[in-house]
Amino acid sequence: MDKPKTVLVIAWGGIGDMICLTPALLALRKRYPGMRMVVLCENNTPRELISHWKGVCTLSMRERKFEGISGKLKMIKELRRFCFDVSVMNAVGPSFRSAVISLLSGARVRIGKSVRGRGFFNTIRFPEYRMHEVDTNFEIFRYLDVERGDEKPFVQIPEESFLFVDRWYEERKITARGIIGIHPGAGDKKKRWDKFGELMESFLRKGKKIVVFGTEDERYYIESIVPQNKCVFPFVGYSITQTSAMINRCELFIGNDSGLSHLASALSVPTVTIFGPSSWKRGRPYGDKSVIVKSNLPCSPCSWLGVGIKCRTLKCLKEIRVEDVYREAEKLMEGRKGVPVKYASR
């Protein structure tokens, strides 16, 4: 492929999907250092994760100015002014919508998924890969002559977010040492393990302090399960960069299959992720300090992409015991102090 001057990357999905895309984005920038990269995100929050990258322009399909039919026309007009040489989508996007956006963007070379022939507008088509999302993104970016090196999921936190977290601790007169981060929520309610309240009680009995993370939409659910204890501190409804800075202060992070577990792992915080109906083979957090806890039911996982989960019993989540999760958490904390850890999953 000729050296592209401008590349459009269509980034579908949420926080975890963006984090799984960052290694390929780093490799792309390394391969073409003078190239201009535009990343069009499906949602606003993932966009915030890379908005501080130098030399990268970010847009979101959910920006207010892009709402409605007239907004979508504005979006296409804004994309076309970049005069793209190439457009490429990430691993999880829909075939047809990606292909239409690529076509209307004016990109000459359009690299995209084609499932059941829906990517017919693309000039280069690839199938649905069944591997980890990070690996899939590298397979896709190979069409751009991008070679895989030692790139890992990457999160850049602005200095003002660290300062915000420092003030947050000072106002509550607590130290940032030995904090356990917990995220009991998930974008899909069918990914939520229902024993986080009991798990938090186990840590509290050991004298640990807990910061509970969540979005504004998860506030009611979190308040309903969090123990009433002076050592439990909700951190709910904050920006993704402030959340990143807070997670970075944690000794350990425990969550469901959600974007915040990917975020913690990318920040090299020891992370325990609980999996039920969604696929750990595709979406487990990618890192040496990350372990997963899951059941061994033959029907699990029943959803490859983690969307459209139809199971009603969620037996795969209900079978996971508090002691199963607590044991893996203890191993990781011991490992951080220099004791060898046998990882449940990598």
# chains A, B, ... in the order shown; residues from 1 in each chain; ligands from 1

$ residues_around --residues "stretch 133-143 of chain A" --least-positions-apart "3" --cutoff "8 Å" --atoms "only C-alpha atoms" --output "ChimeraX atom specification"
/A:17,20-21,23-24,28,88,90-92,111,126,129-130,146-148,282-283,286

$ residues_around --residues "A:Asp2" --least-positions-apart "2" --cutoff "10 Å" --atoms "only C-alpha atoms" --output "short mmCIF file (atom, residue, chain, number, x, y, z; two decimals) with all heavy atoms, in the first residue's frame"
data_model
loop_
_atom_site.label_atom_id
_atom_site.label_comp_id
_atom_site.auth_asym_id
_atom_site.auth_seq_id
_atom_site.Cartn_x
_atom_site.Cartn_y
_atom_site.Cartn_z
N PRO A 4 -0.09 6.37 3.25
CA PRO A 4 -1.26 7.25 3.36
C PRO A 4 -0.91 8.54 4.09
O PRO A 4 -0.13 8.54 5.05
CB PRO A 4 -2.25 6.41 4.18
CG PRO A 4 -1.39 5.51 5.00
CD PRO A 4 -0.16 5.23 4.18
N LYS A 5 -1.51 9.63 3.66
CA LYS A 5 -1.32 10.91 4.33
C LYS A 5 -2.38 11.15 5.39
O LYS A 5 -2.10 11.78 6.41
CB LYS A 5 -1.32 12.04 3.30
CG LYS A 5 -0.15 11.98 2.33
CD LYS A 5 -0.23 13.14 1.34
CE LYS A 5 0.94 13.08 0.36
NZ LYS A 5 0.87 14.19 -0.64
N ASP A 85 -7.16 9.18 2.50
CA ASP A 85 -6.62 8.18 1.60
C ASP A 85 -7.19 6.80 1.94
O ASP A 85 -7.46 6.00 1.04
CB ASP A 85 -5.09 8.12 1.71
CG ASP A 85 -4.44 9.42 1.32
OD1 ASP A 85 -4.78 9.95 0.24
OD2 ASP A 85 -3.61 9.93 2.09
N LEU A 144 -3.00 -2.36 6.34
CA LEU A 144 -2.33 -1.07 6.21
C LEU A 144 -0.81 -1.22 6.32
O LEU A 144 -0.10 -0.24 6.53
CB LEU A 144 -2.81 -0.13 7.31
CG LEU A 144 -4.18 0.53 7.10
CD1 LEU A 144 -4.74 1.04 8.41
CD2 LEU A 144 -4.06 1.68 6.10
N ASP A 145 -0.34 -2.47 6.19
CA ASP A 145 1.09 -2.77 6.31
C ASP A 145 1.64 -2.41 7.69
O ASP A 145 2.81 -2.03 7.84
CB ASP A 145 1.91 -2.03 5.23
CG ASP A 145 1.56 -2.50 3.82
OD1 ASP A 145 1.19 -3.68 3.68
OD2 ASP A 145 1.65 -1.69 2.89
#

$ closest_residue --among "A:Ile254, A:Ala107, A:Met333, A:Met246" --to "A:Pro184" --atoms "only C-alpha atoms"
A:Ile254

$ atom_distance --atom1 "atom CA of A:Asn43" --atom2 "atom CA of A:Ser105"
18.4 Å

$ residues_around --residues "A:Arg284" --least-positions-apart "5" --cutoff "10 Å" --atoms "only C-alpha atoms" --output "ChimeraX atom specification"
/A:16,20,132-134,257-258,261-262,265,273-275,278-279,290-292,345-346

$ write_last_selection --atoms "C-alpha atoms" --output "PDB file, in the first residue's frame"
ATOM      1  CA  GLY A  16     -13.142  -1.507  26.580  1.00  0.00           C
ATOM      2  CA  CYS A  20      -8.370  -2.800  22.872  1.00  0.00           C
ATOM      3  CA  HIS A 132      -9.112 -11.595  21.274  1.00  0.00           C
ATOM      4  CA  GLU A 133     -10.135  -8.089  20.252  1.00  0.00           C
ATOM      5  CA  VAL A 134      -6.576  -6.727  20.516  1.00  0.00           C
ATOM      6  CA  ASP A 257     -16.846  -7.637  32.073  1.00  0.00           C
ATOM      7  CA  SER A 258     -16.914  -3.892  31.480  1.00  0.00           C
ATOM      8  CA  SER A 261     -11.866  -3.528  34.062  1.00  0.00           C
ATOM      9  CA  HIS A 262     -10.034  -2.977  30.756  1.00  0.00           C
ATOM     10  CA  SER A 265      -5.645  -3.539  33.447  1.00  0.00           C
ATOM     11  CA  THR A 273     -12.688  -9.532  36.112  1.00  0.00           C
ATOM     12  CA  ILE A 274     -15.825 -11.639  36.533  1.00  0.00           C
ATOM     13  CA  PHE A 275     -17.187 -13.239  33.382  1.00  0.00           C
ATOM     14  CA  SER A 278     -19.881 -12.898  27.508  1.00  0.00           C
ATOM     15  CA  SER A 279     -16.720 -14.296  25.932  1.00  0.00           C
ATOM     16  CA  SER A 290      -5.147  -9.340  35.041  1.00  0.00           C
ATOM     17  CA  VAL A 291      -7.019 -12.509  36.010  1.00  0.00           C
ATOM     18  CA  ILE A 292     -10.536 -13.691  35.266  1.00  0.00           C
ATOM     19  CA  SER A 345      -6.113 -16.391  32.943  1.00  0.00           C
ATOM     20  CA  ARG A 346      -3.912 -14.186  30.785  1.00  0.00           C
TER      21      ARG A 346
END

$ residues_around --residues "A:Ile222" --least-positions-apart "4" --cutoff "9 Å" --atoms "only C-alpha atoms" --output "PyMOL selection string"
chain A and resi 183-185+212-214+218+226+234+236

$ residues_around --residues "A:Phe96" --least-positions-apart "3" --cutoff "9 Å" --atoms "only C-alpha atoms" --output "ChimeraX atom specification"
/A:99-101,113-115,117-121

$ write_last_selection --atoms "N, CA, C and O atoms" --output "PDB file, in the first residue's frame"
ATOM      1  N   ALA A  99     -19.310   0.476   6.339  1.00  0.00           N
ATOM      2  CA  ALA A  99     -19.032   0.609   4.910  1.00  0.00           C
ATOM      3  C   ALA A  99     -19.645   1.884   4.335  1.00  0.00           C
ATOM      4  O   ALA A  99     -19.032   2.569   3.504  1.00  0.00           O
ATOM      5  N   VAL A 100     -20.850   2.232   4.787  1.00  0.00           N
ATOM      6  CA  VAL A 100     -21.505   3.447   4.295  1.00  0.00           C
ATOM      7  C   VAL A 100     -20.744   4.689   4.754  1.00  0.00           C
ATOM      8  O   VAL A 100     -20.510   5.610   3.957  1.00  0.00           O
ATOM      9  N   ILE A 101     -20.348   4.726   6.024  1.00  0.00           N
ATOM     10  CA  ILE A 101     -19.585   5.873   6.526  1.00  0.00           C
ATOM     11  C   ILE A 101     -18.274   6.010   5.761  1.00  0.00           C
ATOM     12  O   ILE A 101     -17.868   7.112   5.371  1.00  0.00           O
ATOM     13  N   LYS A 113     -15.152  -4.854   7.617  1.00  0.00           N
ATOM     14  CA  LYS A 113     -15.716  -6.192   7.792  1.00  0.00           C
ATOM     15  C   LYS A 113     -16.815  -6.432   6.754  1.00  0.00           C
ATOM     16  O   LYS A 113     -17.540  -5.514   6.364  1.00  0.00           O
ATOM     17  N   SER A 114     -16.921  -7.670   6.327  1.00  0.00           N
ATOM     18  CA  SER A 114     -18.011  -8.038   5.423  1.00  0.00           C
ATOM     19  C   SER A 114     -18.619  -9.342   5.916  1.00  0.00           C
ATOM     20  O   SER A 114     -18.145 -10.429   5.595  1.00  0.00           O
ATOM     21  N   VAL A 115     -19.667  -9.230   6.729  1.00  0.00           N
ATOM     22  CA  VAL A 115     -20.394 -10.390   7.230  1.00  0.00           C
ATOM     23  C   VAL A 115     -21.696 -10.496   6.463  1.00  0.00           C
ATOM     24  O   VAL A 115     -22.447  -9.528   6.355  1.00  0.00           O
ATOM     25  N   GLY A 117     -22.040 -10.464   3.384  1.00  0.00           N
ATOM     26  CA  GLY A 117     -21.985  -9.585   2.224  1.00  0.00           C
ATOM     27  C   GLY A 117     -22.341  -8.138   2.481  1.00  0.00           C
ATOM     28  O   GLY A 117     -22.495  -7.359   1.534  1.00  0.00           O
ATOM     29  N   ARG A 118     -22.432  -7.722   3.750  1.00  0.00           N
ATOM     30  CA  ARG A 118     -22.896  -6.372   4.057  1.00  0.00           C
ATOM     31  C   ARG A 118     -21.816  -5.311   3.945  1.00  0.00           C
ATOM     32  O   ARG A 118     -22.095  -4.128   4.104  1.00  0.00           O
ATOM     33  N   GLY A 119     -20.597  -5.725   3.662  1.00  0.00           N
ATOM     34  CA  GLY A 119     -19.524  -4.743   3.505  1.00  0.00           C
ATOM     35  C   GLY A 119     -19.166  -4.515   2.054  1.00  0.00           C
ATOM     36  O   GLY A 119     -18.005  -4.233   1.737  1.00  0.00           O
ATOM     37  N   PHE A 120     -20.168  -4.573   1.176  1.00  0.00           N
ATOM     38  CA  PHE A 120     -19.867  -4.545  -0.259  1.00  0.00           C
ATOM     39  C   PHE A 120     -19.346  -3.193  -0.728  1.00  0.00           C
ATOM     40  O   PHE A 120     -18.767  -3.099  -1.817  1.00  0.00           O
ATOM     41  N   PHE A 121     -19.504  -2.118   0.049  1.00  0.00           N
ATOM     42  CA  PHE A 121     -18.934  -0.824  -0.334  1.00  0.00           C
ATOM     43  C   PHE A 121     -17.432  -0.752  -0.058  1.00  0.00           C
ATOM     44  O   PHE A 121     -16.758   0.157  -0.528  1.00  0.00           O
TER      45      PHE A 121
END

$ closest_residue --among "A:Thr271, A:Asp166, A:Ile157, A:Lys206" --to "A:Ser244" --atoms "only C-alpha atoms"
A:Ile157
